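Source file: entry_35.cif (mmCIF, C-alpha atoms and all ligand atoms)
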data_start
#
loop_
_atom_site.group_PDB
_atom_site.id
_atom_site.type_symbol
_atom_site.label_atom_id
_atom_site.label_comp_id
_atom_site.auth_asym_id
_atom_site.auth_seq_id
_atom_site.Cartn_x
_atom_site.Cartn_y
_atom_site.Cartn_z
ATOM 1 C CA MET A 1 4.379 -25.527 -44.787
ATOM 2 C CA ARG A 2 6.818 -27.798 -46.555
ATOM 3 C CA THR A 3 5.768 -31.155 -47.893
ATOM 4 C CA ARG A 4 7.983 -34.046 -48.689
ATOM 5 C CA VAL A 5 7.854 -37.290 -50.576
ATOM 6 C CA ARG A 6 9.043 -40.325 -48.718
ATOM 7 C CA HIS A 7 11.638 -42.412 -50.508
ATOM 8 C CA GLY A 8 13.082 -45.770 -49.667
ATOM 9 C CA THR A 9 10.298 -47.256 -47.546
ATOM 10 C CA ALA A 10 8.322 -50.333 -48.409
ATOM 11 C CA ASP A 11 4.890 -49.845 -49.940
ATOM 12 C CA ALA A 12 5.702 -46.366 -51.175
ATOM 13 C CA GLY A 13 2.213 -46.219 -52.667
ATOM 14 C CA MET A 14 0.723 -46.476 -49.147
ATOM 15 C CA VAL A 15 2.710 -43.545 -47.842
ATOM 16 C CA PRO A 16 1.172 -40.098 -48.422
ATOM 17 C CA ALA A 17 3.466 -37.441 -49.855
ATOM 18 C CA VAL A 18 2.438 -34.893 -47.222
ATOM 19 C CA ARG A 19 3.860 -34.738 -43.763
ATOM 20 C CA SER A 20 5.019 -32.145 -41.314
ATOM 21 C CA PRO A 21 8.719 -31.471 -40.865
ATOM 22 C CA ILE A 22 9.843 -32.434 -37.360
ATOM 23 C CA THR A 23 10.963 -29.458 -35.301
ATOM 24 C CA VAL A 24 12.538 -30.081 -31.902
ATOM 25 C CA ARG A 25 11.267 -27.332 -29.587
ATOM 26 C CA ASP A 26 13.352 -27.756 -26.474
ATOM 27 C CA ALA A 27 11.030 -26.048 -24.016
ATOM 28 C CA ARG A 28 10.588 -26.193 -20.240
ATOM 29 C CA PHE A 29 7.318 -25.724 -18.396
ATOM 30 C CA GLY A 30 6.038 -25.005 -14.940
ATOM 31 C CA ARG A 31 9.229 -25.364 -12.895
ATOM 32 C CA GLU A 32 8.061 -22.510 -10.686
ATOM 33 C CA ALA A 33 4.402 -23.483 -10.810
ATOM 34 C CA ARG A 34 2.479 -23.720 -7.581
ATOM 35 C CA PRO A 35 1.466 -27.364 -7.033
ATOM 36 C CA LEU A 36 -2.218 -27.695 -7.837
ATOM 37 C CA ARG A 37 -4.165 -30.771 -6.846
ATOM 38 C CA TRP A 38 -7.085 -30.576 -9.322
ATOM 39 C CA TRP A 39 -5.322 -28.640 -12.009
ATOM 40 C CA VAL A 40 -7.864 -29.428 -14.787
ATOM 41 C CA ASN A 41 -10.541 -26.859 -14.001
ATOM 42 C CA GLY A 42 -10.873 -28.082 -10.423
ATOM 43 C CA ASP A 43 -12.262 -31.356 -11.760
ATOM 44 C CA PRO A 44 -10.893 -34.424 -9.912
ATOM 45 C CA ILE A 45 -12.010 -36.851 -12.658
ATOM 46 C CA ALA A 46 -10.339 -34.957 -15.523
ATOM 47 C CA THR A 47 -7.275 -34.343 -13.373
ATOM 48 C CA ALA A 48 -6.954 -38.025 -12.451
ATOM 49 C CA TRP A 49 -7.188 -39.088 -16.107
ATOM 50 C CA HIS A 50 -4.503 -36.645 -17.227
ATOM 51 C CA ASN A 51 -2.264 -37.422 -14.249
ATOM 52 C CA SER A 52 -2.633 -41.106 -15.062
ATOM 53 C CA LEU A 53 -1.540 -40.426 -18.645
ATOM 54 C CA SER A 54 1.357 -38.247 -17.545
ATOM 55 C CA ALA A 55 2.551 -40.817 -15.005
ATOM 56 C CA SER A 56 2.920 -43.337 -17.831
ATOM 57 C CA PHE A 57 4.743 -41.045 -20.275
ATOM 58 C CA PRO A 58 8.377 -41.036 -19.100
ATOM 59 C CA ARG A 59 8.788 -44.819 -19.091
ATOM 60 C CA GLY A 60 6.442 -45.300 -22.046
ATOM 61 C CA GLU A 61 8.263 -42.803 -24.223
ATOM 62 C CA ALA A 62 11.624 -44.283 -23.238
ATOM 63 C CA MET A 63 10.280 -47.563 -24.591
ATOM 64 C CA PHE A 64 9.191 -45.917 -27.866
ATOM 65 C CA ILE A 65 12.691 -44.495 -28.264
ATOM 66 C CA GLU A 66 14.315 -47.902 -27.805
ATOM 67 C CA ALA A 67 11.808 -49.546 -30.146
ATOM 68 C CA VAL A 68 12.538 -47.131 -32.988
ATOM 69 C CA LYS A 69 16.277 -46.774 -32.388
ATOM 70 C CA ALA A 70 16.626 -50.533 -32.744
ATOM 71 C CA TYR A 71 16.038 -50.059 -36.494
ATOM 72 C CA ARG A 72 17.935 -46.828 -37.075
ATOM 73 C CA GLU A 73 21.065 -48.442 -38.472
ATOM 74 C CA ASP A 74 19.110 -50.149 -41.267
ATOM 75 C CA ALA A 75 16.975 -47.138 -42.119
ATOM 76 C CA PRO A 76 17.371 -45.064 -45.305
ATOM 77 C CA PRO A 77 18.893 -41.624 -44.621
ATOM 78 C CA ASP A 78 15.636 -39.623 -44.583
ATOM 79 C CA LEU A 79 14.015 -42.036 -42.152
ATOM 80 C CA ALA A 80 17.172 -42.205 -40.009
ATOM 81 C CA GLY A 81 17.063 -38.400 -39.777
ATOM 82 C CA GLU A 82 13.432 -38.485 -38.692
ATOM 83 C CA ILE A 83 14.242 -41.148 -36.089
ATOM 84 C CA ARG A 84 16.909 -38.860 -34.628
ATOM 85 C CA ALA A 85 14.417 -35.969 -34.421
ATOM 86 C CA PHE A 86 11.785 -38.321 -32.944
ATOM 87 C CA VAL A 87 14.220 -39.386 -30.229
ATOM 88 C CA ARG A 88 15.099 -35.795 -29.364
ATOM 89 C CA GLN A 89 11.433 -34.825 -29.124
ATOM 90 C CA GLU A 90 10.520 -37.822 -26.966
ATOM 91 C CA VAL A 91 13.489 -37.263 -24.638
ATOM 92 C CA ASN A 92 12.278 -33.704 -24.066
ATOM 93 C CA HIS A 93 8.706 -34.901 -23.500
ATOM 94 C CA SER A 94 9.876 -37.402 -20.884
ATOM 95 C CA ARG A 95 11.894 -34.726 -19.079
ATOM 96 C CA GLU A 96 8.945 -32.323 -18.994
ATOM 97 C CA HIS A 97 6.452 -34.933 -17.860
ATOM 98 C CA LEU A 98 8.843 -36.009 -15.109
ATOM 99 C CA ALA A 99 8.787 -32.384 -13.960
ATOM 100 C CA PHE A 100 4.988 -32.338 -14.298
ATOM 101 C CA ASN A 101 4.727 -35.568 -12.291
ATOM 102 C CA ARG A 102 6.859 -34.003 -9.577
ATOM 103 C CA MET A 103 4.295 -31.193 -9.458
ATOM 104 C CA ALA A 104 1.547 -33.792 -8.963
ATOM 105 C CA GLU A 105 3.603 -35.384 -6.179
ATOM 106 C CA ALA A 106 4.115 -31.965 -4.618
ATOM 107 C CA ALA A 107 0.309 -31.691 -4.657
ATOM 108 C CA ALA A 108 0.380 -34.810 -2.408
ATOM 109 C CA TYR A 109 -0.339 -37.551 -4.952
ATOM 110 C CA ASP A 110 1.717 -40.711 -4.499
ATOM 111 C CA LEU A 111 2.671 -41.993 -7.969
ATOM 112 C CA THR A 112 4.993 -44.741 -6.712
ATOM 113 C CA ALA A 113 2.673 -47.675 -7.301
ATOM 114 C CA ILE A 114 1.647 -46.384 -10.738
ATOM 115 C CA ASP A 115 5.270 -45.938 -11.761
ATOM 116 C CA LYS A 116 6.081 -49.455 -10.591
ATOM 117 C CA ARG A 117 3.207 -50.893 -12.627
ATOM 118 C CA VAL A 118 4.237 -48.952 -15.740
ATOM 119 C CA ALA A 119 7.813 -50.227 -15.301
ATOM 120 C CA GLY A 120 6.425 -53.768 -15.135
ATOM 121 C CA LEU A 121 4.375 -53.282 -18.308
ATOM 122 C CA VAL A 122 7.388 -51.903 -20.174
ATOM 123 C CA ALA A 123 9.571 -54.798 -18.978
ATOM 124 C CA GLU A 124 6.894 -57.230 -20.143
ATOM 125 C CA THR A 125 6.803 -55.579 -23.582
ATOM 126 C CA PHE A 126 10.577 -55.872 -23.920
ATOM 127 C CA GLU A 127 10.204 -59.646 -23.589
ATOM 128 C CA LEU A 128 8.667 -59.584 -27.087
ATOM 129 C CA PRO A 129 10.868 -59.845 -30.189
ATOM 130 C CA ARG A 130 12.018 -56.372 -31.237
ATOM 131 C CA ILE A 131 9.479 -56.237 -34.085
ATOM 132 C CA GLY A 132 6.763 -56.860 -31.478
ATOM 133 C CA VAL A 133 8.023 -53.962 -29.364
ATOM 134 C CA LEU A 134 7.856 -51.787 -32.481
ATOM 135 C CA GLY A 135 4.328 -53.075 -33.195
ATOM 136 C CA VAL A 136 3.217 -52.070 -29.679
ATOM 137 C CA THR A 137 4.914 -48.703 -30.170
ATOM 138 C CA ILE A 138 3.099 -47.877 -33.418
ATOM 139 C CA ALA A 139 -0.220 -48.659 -31.728
ATOM 140 C CA LEU A 140 0.575 -46.409 -28.745
ATOM 141 C CA GLU A 141 1.924 -43.676 -31.006
ATOM 142 C CA HIS A 142 -1.415 -43.783 -32.825
ATOM 143 C CA PHE A 143 -3.130 -43.210 -29.473
ATOM 144 C CA THR A 144 -0.909 -40.231 -28.691
ATOM 145 C CA ALA A 145 -1.495 -38.797 -32.168
ATOM 146 C CA MET A 146 -5.281 -39.165 -31.787
ATOM 147 C CA PHE A 147 -5.255 -37.501 -28.351
ATOM 148 C CA ALA A 148 -2.929 -34.784 -29.643
ATOM 149 C CA HIS A 149 -5.333 -33.962 -32.464
ATOM 150 C CA GLU A 150 -8.228 -33.664 -30.002
ATOM 151 C CA PHE A 151 -6.285 -31.438 -27.604
ATOM 152 C CA LEU A 152 -5.202 -29.063 -30.363
ATOM 153 C CA ALA A 153 -8.361 -29.046 -32.471
ATOM 154 C CA HIS A 154 -10.439 -28.263 -29.369
ATOM 155 C CA PRO A 155 -8.330 -25.956 -27.206
ATOM 156 C CA ARG A 156 -11.243 -25.294 -24.862
ATOM 157 C CA HIS A 157 -10.323 -28.666 -23.371
ATOM 158 C CA PHE A 158 -7.649 -26.806 -21.419
ATOM 159 C CA ALA A 159 -9.580 -23.572 -20.952
ATOM 160 C CA GLY A 160 -9.264 -22.528 -17.343
ATOM 161 C CA VAL A 161 -6.101 -24.576 -16.841
ATOM 162 C CA ALA A 162 -3.054 -22.662 -15.591
ATOM 163 C CA GLU A 163 -1.116 -21.550 -18.644
ATOM 164 C CA GLU A 164 2.131 -23.317 -17.699
ATOM 165 C CA HIS A 165 0.289 -26.654 -17.580
ATOM 166 C CA ALA A 166 -1.855 -26.082 -20.682
ATOM 167 C CA ALA A 167 1.265 -25.013 -22.589
ATOM 168 C CA LEU A 168 3.036 -28.261 -21.709
ATOM 169 C CA TRP A 169 0.199 -30.415 -23.027
ATOM 170 C CA ARG A 170 -0.193 -28.351 -26.221
ATOM 171 C CA TRP A 171 3.564 -28.453 -26.893
ATOM 172 C CA HIS A 172 3.631 -32.194 -26.378
ATOM 173 C CA ALA A 173 0.576 -32.614 -28.601
ATOM 174 C CA VAL A 174 2.005 -30.646 -31.501
ATOM 175 C CA GLU A 175 5.230 -32.626 -31.510
ATOM 176 C CA GLU A 176 3.278 -35.887 -31.346
ATOM 177 C CA ILE A 177 1.462 -34.836 -34.518
ATOM 178 C CA GLU A 178 4.717 -33.935 -36.233
ATOM 179 C CA HIS A 179 6.350 -37.273 -35.538
ATOM 180 C CA LYS A 180 3.230 -39.443 -35.674
ATOM 181 C CA ALA A 181 4.492 -41.441 -38.658
ATOM 182 C CA VAL A 182 8.108 -42.022 -37.620
ATOM 183 C CA ALA A 183 7.526 -45.258 -35.731
ATOM 184 C CA TYR A 184 5.043 -46.339 -38.405
ATOM 185 C CA ASP A 185 7.463 -45.703 -41.267
ATOM 186 C CA THR A 186 10.117 -47.564 -39.290
ATOM 187 C CA TRP A 187 7.652 -50.432 -39.030
ATOM 188 C CA LEU A 188 6.978 -50.359 -42.785
ATOM 189 C CA HIS A 189 10.700 -50.417 -43.428
ATOM 190 C CA ALA A 190 11.416 -53.157 -40.890
ATOM 191 C CA THR A 191 8.695 -55.370 -42.343
ATOM 192 C CA ARG A 192 9.357 -54.516 -45.999
ATOM 193 C CA SER A 193 9.945 -58.154 -46.899
ATOM 194 C CA TRP A 194 6.678 -59.307 -45.279
ATOM 195 C CA ARG A 195 3.459 -60.024 -47.089
ATOM 196 C CA ARG A 196 0.960 -57.212 -46.590
ATOM 197 C CA THR A 197 -1.540 -59.546 -44.942
ATOM 198 C CA LYS A 198 1.025 -60.698 -42.380
ATOM 199 C CA ARG A 199 1.920 -57.092 -41.544
ATOM 200 C CA TRP A 200 -1.753 -56.093 -41.295
ATOM 201 C CA ARG A 201 -2.631 -59.083 -39.095
ATOM 202 C CA LEU A 202 0.154 -58.429 -36.593
ATOM 203 C CA ARG A 203 -0.363 -54.670 -36.243
ATOM 204 C CA SER A 204 -4.148 -55.121 -35.974
ATOM 205 C CA LEU A 205 -3.810 -57.811 -33.335
ATOM 206 C CA LEU A 206 -1.359 -55.713 -31.358
ATOM 207 C CA MET A 207 -3.659 -52.685 -31.574
ATOM 208 C CA LEU A 208 -6.534 -54.695 -30.087
ATOM 209 C CA ILE A 209 -4.341 -55.912 -27.224
ATOM 210 C CA VAL A 210 -2.779 -52.483 -26.653
ATOM 211 C CA THR A 211 -6.221 -50.808 -26.641
ATOM 212 C CA ALA A 212 -7.659 -53.157 -24.029
ATOM 213 C CA ARG A 213 -4.604 -52.809 -21.813
ATOM 214 C CA PHE A 214 -4.244 -49.051 -22.304
ATOM 215 C CA ILE A 215 -7.843 -48.287 -21.317
ATOM 216 C CA ARG A 216 -7.786 -50.727 -18.417
ATOM 217 C CA ASN A 217 -4.449 -49.561 -17.022
ATOM 218 C CA ARG A 218 -4.953 -45.812 -17.437
ATOM 219 C CA SER A 219 -8.457 -46.073 -15.925
ATOM 220 C CA ARG A 220 -7.230 -48.166 -13.000
ATOM 221 C CA ASP A 221 -4.462 -45.676 -12.285
ATOM 222 C CA ALA A 222 -6.900 -42.759 -12.532
ATOM 223 C CA LEU A 223 -9.184 -44.509 -10.041
ATOM 224 C CA GLU A 224 -6.238 -45.042 -7.716
ATOM 225 C CA LEU A 225 -5.481 -41.323 -7.814
ATOM 226 C CA LEU A 226 -9.141 -40.572 -7.120
ATOM 227 C CA ALA A 227 -8.977 -42.938 -4.157
ATOM 228 C CA GLN A 228 -6.085 -40.791 -2.890
ATOM 229 C CA ASP A 229 -8.520 -37.881 -3.079
ATOM 230 C CA GLY A 230 -10.830 -39.913 -0.862
ATOM 231 C CA ILE A 231 -13.201 -40.373 -3.807
ATOM 232 C CA GLY A 232 -14.286 -43.890 -4.673
ATOM 233 C CA GLY A 233 -17.181 -46.219 -5.279
ATOM 234 C CA ILE A 234 -19.391 -47.124 -8.178
ATOM 235 C CA ARG A 235 -20.474 -43.528 -8.874
ATOM 236 C CA VAL A 236 -16.904 -42.464 -9.475
ATOM 237 C CA ARG A 237 -16.320 -45.365 -11.839
ATOM 238 C CA ALA A 238 -19.459 -44.303 -13.693
ATOM 239 C CA ARG A 239 -18.289 -40.685 -13.798
ATOM 240 C CA LEU A 240 -14.895 -41.667 -15.174
ATOM 241 C CA ALA A 241 -16.623 -43.792 -17.824
ATOM 242 C CA TRP A 242 -18.877 -40.849 -18.691
ATOM 243 C CA TYR A 243 -15.879 -38.529 -18.859
ATOM 244 C CA LEU A 244 -14.145 -40.877 -21.314
ATOM 245 C CA LEU A 245 -17.138 -42.005 -23.359
ATOM 246 C CA GLY A 246 -19.783 -39.302 -22.873
ATOM 247 C CA LYS A 247 -18.722 -35.708 -22.274
ATOM 248 C CA PRO A 248 -16.156 -34.600 -23.295
ATOM 249 C CA GLY A 249 -15.697 -38.233 -24.319
ATOM 250 C CA ILE A 250 -12.122 -38.373 -25.524
ATOM 251 C CA LEU A 251 -12.344 -42.126 -26.243
ATOM 252 C CA ARG A 252 -15.644 -41.684 -28.085
ATOM 253 C CA ARG A 253 -14.236 -38.855 -30.150
ATOM 254 C CA ILE A 254 -11.163 -40.762 -31.302
ATOM 255 C CA LEU A 255 -13.171 -43.828 -32.296
ATOM 256 C CA PRO A 256 -13.265 -43.068 -36.074
ATOM 257 C CA GLN A 257 -9.484 -42.648 -36.172
ATOM 258 C CA TRP A 258 -9.010 -45.747 -34.057
ATOM 259 C CA CYS A 259 -11.082 -47.675 -36.623
ATOM 260 C CA ALA A 260 -8.997 -46.169 -39.448
ATOM 261 C CA TYR A 261 -5.947 -47.978 -38.060
ATOM 262 C CA PHE A 262 -7.469 -51.291 -39.154
ATOM 263 C CA ARG A 263 -7.724 -50.293 -42.814
ATOM 264 C CA PRO A 264 -5.206 -52.294 -44.864
ATOM 265 C CA GLY A 265 -3.813 -49.078 -46.423
ATOM 266 C CA PHE A 266 -3.640 -47.118 -43.165
ATOM 267 C CA HIS A 267 -0.917 -44.520 -42.740
ATOM 268 C CA PRO A 268 -0.871 -41.776 -40.040
ATOM 269 C CA TRP A 269 -0.517 -39.002 -42.636
ATOM 270 C CA LYS A 270 -3.678 -40.066 -44.447
ATOM 271 C CA ARG A 271 -5.159 -37.728 -41.851
ATOM 272 C CA ASP A 272 -3.515 -34.480 -42.903
ATOM 273 C CA ASN A 273 -3.642 -32.272 -39.811
ATOM 274 C CA ARG A 274 -0.593 -30.139 -40.523
ATOM 275 C CA GLU A 275 -2.811 -27.093 -40.025
ATOM 276 C CA LEU A 276 -2.748 -27.762 -36.266
ATOM 277 C CA VAL A 277 1.052 -27.592 -36.226
ATOM 278 C CA GLU A 278 0.935 -24.409 -38.266
ATOM 279 C CA ALA A 279 -1.680 -22.891 -35.947
ATOM 280 C CA PHE A 280 0.494 -23.728 -32.942
ATOM 281 C CA ASP A 281 3.624 -22.240 -34.482
ATOM 282 C CA THR A 282 1.829 -19.048 -35.457
ATOM 283 C CA GLY A 283 0.195 -18.705 -32.044
ATOM 284 C CA ALA A 284 -3.302 -19.268 -33.394
ATOM 285 C CA ILE A 285 -4.077 -22.041 -30.870
ATOM 286 C CA LEU A 286 -4.697 -20.415 -27.534
ATOM 287 C CA PRO A 287 -6.689 -21.539 -24.523
ATOM 288 C CA GLY A 288 -10.372 -20.861 -24.978
ATOM 289 C CA ALA A 289 -10.020 -19.941 -28.653
ATOM 290 C CA GLU A 290 -12.195 -22.735 -30.022
ATOM 291 C CA ARG A 291 -11.126 -23.297 -33.591
ATOM 292 C CA SER A 292 -13.836 -25.696 -34.622
ATOM 293 C CA GLY A 293 -17.575 -25.271 -34.316
ATOM 294 C CA ARG A 294 -17.783 -28.865 -33.123
ATOM 295 C CA GLY A 295 -15.847 -28.430 -29.903
ATOM 296 C CA PHE A 296 -16.917 -29.332 -26.430
ATOM 297 C CA ALA A 297 -17.282 -27.412 -23.209
ATOM 298 C CA PRO A 298 -14.574 -27.750 -20.586
ATOM 299 C CA ALA A 299 -15.248 -30.258 -17.836
ATOM 300 C CA GLU A 300 -17.331 -28.899 -14.998
ATOM 301 C CA ALA A 301 -15.574 -28.239 -11.745
ATOM 302 C CA SER A 302 -17.299 -30.575 -9.366
ATOM 303 C CA LEU A 303 -16.690 -33.003 -6.558
ATOM 304 C CA PRO A 304 -18.468 -36.350 -6.582
ATOM 305 C CA SER A 305 -20.311 -37.092 -3.395
ATOM 306 C CA SER A 306 -19.127 -40.690 -3.104
HETATM 307 FE FE FE B 401 5.925 -37.698 -26.612
HETATM 308 FE FE FE B 402 5.436 -39.859 -29.685
#

Target encoding structure tokens, full file:
Amino acid sequence: MRTRVRHGTADAGMVPAVRSPITVRDARFGREARPLRWWVNGDPIATAWHNSLSASFPRGEAMFIEAVKAYREDAPPDLAGEIRAFVRQEVNHSREHLAFNRMAEAAAYDLTAIDKRVAGLVAETFELPRIGVLGVTIALEHFTAMFAHEFLAHPRHFAGVAEEHAALWRWHAVEEIEHKAVAYDTWLHATRSWRRTKRWRLRSLLMLIVTARFIRNRSRDALELLAQDGIGGIRVRARLAWYLLGKPGILRRILPQWCAYFRPGFHPWKRDNRELVEAFDTGAILPGAERSGRGFAPAEASLPSS
């Protein structure tokens, strides 16, 4: 796989020389798929969490695009090229998750209220100065990159999921890894005249705020979807918390990389996971083909009793 050296950004010493080239794979998924209510292994908790994520993607990714495009004119040519590829990838992701969300609606979930809340959150973010919108974007792009790594490094997560759905999430994940540094490099460029401490303080503060809001909002929306399944109460809240923090524990598993964001010299490519992109492109990542010995079992298919 090719490697490149970044030129023209601030703090060149902070920016690793390795990164993945950004390939726009314009793919379509699941248009003919039969609507499935609990599409993640028959597990309502796992399904609600992923549907909650997917419901937020189209508007969220549209915001990321605007945040990064706002700085494209000023960017050096290599970064401007990466911004263009980033935009094309995110546009495709939004289109495919809109189609996926239609599948969830066809399975009788009502996403209207969730979509309205996400629209409100995006509108609220756009009230910030444009550098603030970019700061929120780099935090959320770090979340997508962390999730993407988990999905691809542990493909058993989607074992048992219909291939057209698993393929969508893997495709999205691999492109998130490829472009994980584009918003961040745009941030470094946009703040190149700032003192390092000022830049660190603002991005760290925004990450703390984004984290609290992300977990609260995605969990609330997942619980709302579970309520549409007729599943509610304290036990379901506890099961969602266990799903996120216990087993498989996606939030627990990303904790070290979340902490890494607060290092003064953080850069997304200081975690070199190009091998996941390569494995995807060569077909080595397939459902059920656990690549790492430290993977986790797929969620159990079960229905809470309350
Ligand atoms: Fe995306
Ligand atoms: Fe992204």

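If you apply the PyMOL selection byres (((not hetatm)) within 7 of (chain B and resi 402)) to this structure, you end up with Glu61, Glu90, Glu141, Thr144, Glu176, His179 and Lys180 of chain A.
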
Keeping C-alpha atoms, export the residues of the selection given above as a PDB file, in the coordinates of the input.
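Final file, selection39.pdb:
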ATOM      1  CA  GLU A  61       8.263 -42.803 -24.223  1.00  0.00           C
ATOM      2  CA  GLU A  90      10.520 -37.822 -26.966  1.00  0.00           C
ATOM      3  CA  GLU A 141       1.924 -43.676 -31.006  1.00  0.00           C
ATOM      4  CA  THR A 144      -0.909 -40.231 -28.691  1.00  0.00           C
ATOM      5  CA  GLU A 176       3.278 -35.887 -31.346  1.00  0.00           C
ATOM      6  CA  HIS A 179       6.350 -37.273 -35.538  1.00  0.00           C
ATOM      7  CA  LYS A 180       3.230 -39.443 -35.674  1.00  0.00           C
TER       8      LYS A 180
END

Discussion item. Using only C-alpha atoms for the distances, tell me which of A:Asp74, A:Glu275, A:Asp43, A:Asp26 is nearest to Trp187 in chain A.
Written reply: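 So, comparing all the options, the nearest one is A:Asp74.
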
Discussion item. 10 Å from ligand FE 401 (chain B) is the threshold here; counting only C-alpha atoms and all ligand atoms, which polymer residues fall inside it? Answer as a ChimeraX atom specification.
Written reply: /A:57-58,60-62,64-65,86-94,96-97,141,144-145,148,169,171-177,179-180

Item to complete: Using the chain letters and residue numbers of this document, give as a PyMOL selection string the residues selected by the PyMOL selection byres (((chain A and resi 100) around 10) and not hetatm).
Response: chain A and resi 29-31+33+35+51+54-55+94-99+101-106+165+168

Worksheet item: Applied to this file, what does the PyMOL selection byres (((chain A and resi 252-259) around 9) and not hetatm) return in terms of residues, put as a ChimeraX atom specification?
Response: /A:142-143,146-147,150,244-251,260-263,271

Worksheet item: Leaving out Thr112 in chain A and any residue of its chain fewer than 2 positions from it, which residues lie within 12 Å of it when counting all atoms listed in the file, given as a list in words?
Response: Ser52, Ala55, Ser56, Asn101, Arg102, Ala104, Glu105, Ala108, Tyr109, Asp110, Ile114, Asp115, Lys116, Arg117, Val118, Ala119, Asp221, Glu224 and Leu225 of chain A

Listed atoms of range 272-281 of chain A boxed axis-aligned with 8 Å per side, centre + edges as JSON:
{"center_x": 0.0, "center_y": -28.4, "center_z": -37.9, "size_x": 23.3, "size_y": 28.2, "size_z": 26.0}

Fill in: Interatomic distance, CA of Val15 in chain A to CA of Leu79 in chain A (Å, one decimal)
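Taking CA of Val15 in chain A and CA of Leu79 in chain A, their separation equals 12.7 Å.
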
Worksheet item: Which value, in Å to one decimal, gives the distance between CA of Asn273 in chain A and CA of His149 in chain A?
Response: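 It comes out at 7.7 Å.
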
Practice prompt. Go ahead and compute the interatomic distance for CA of Leu223 in chain A and CA of Ile209 in chain A, in Å to one decimal.
Written response: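 Between CA of Leu223 in chain A and CA of Ile209 in chain A the gap is 21.2 Å.
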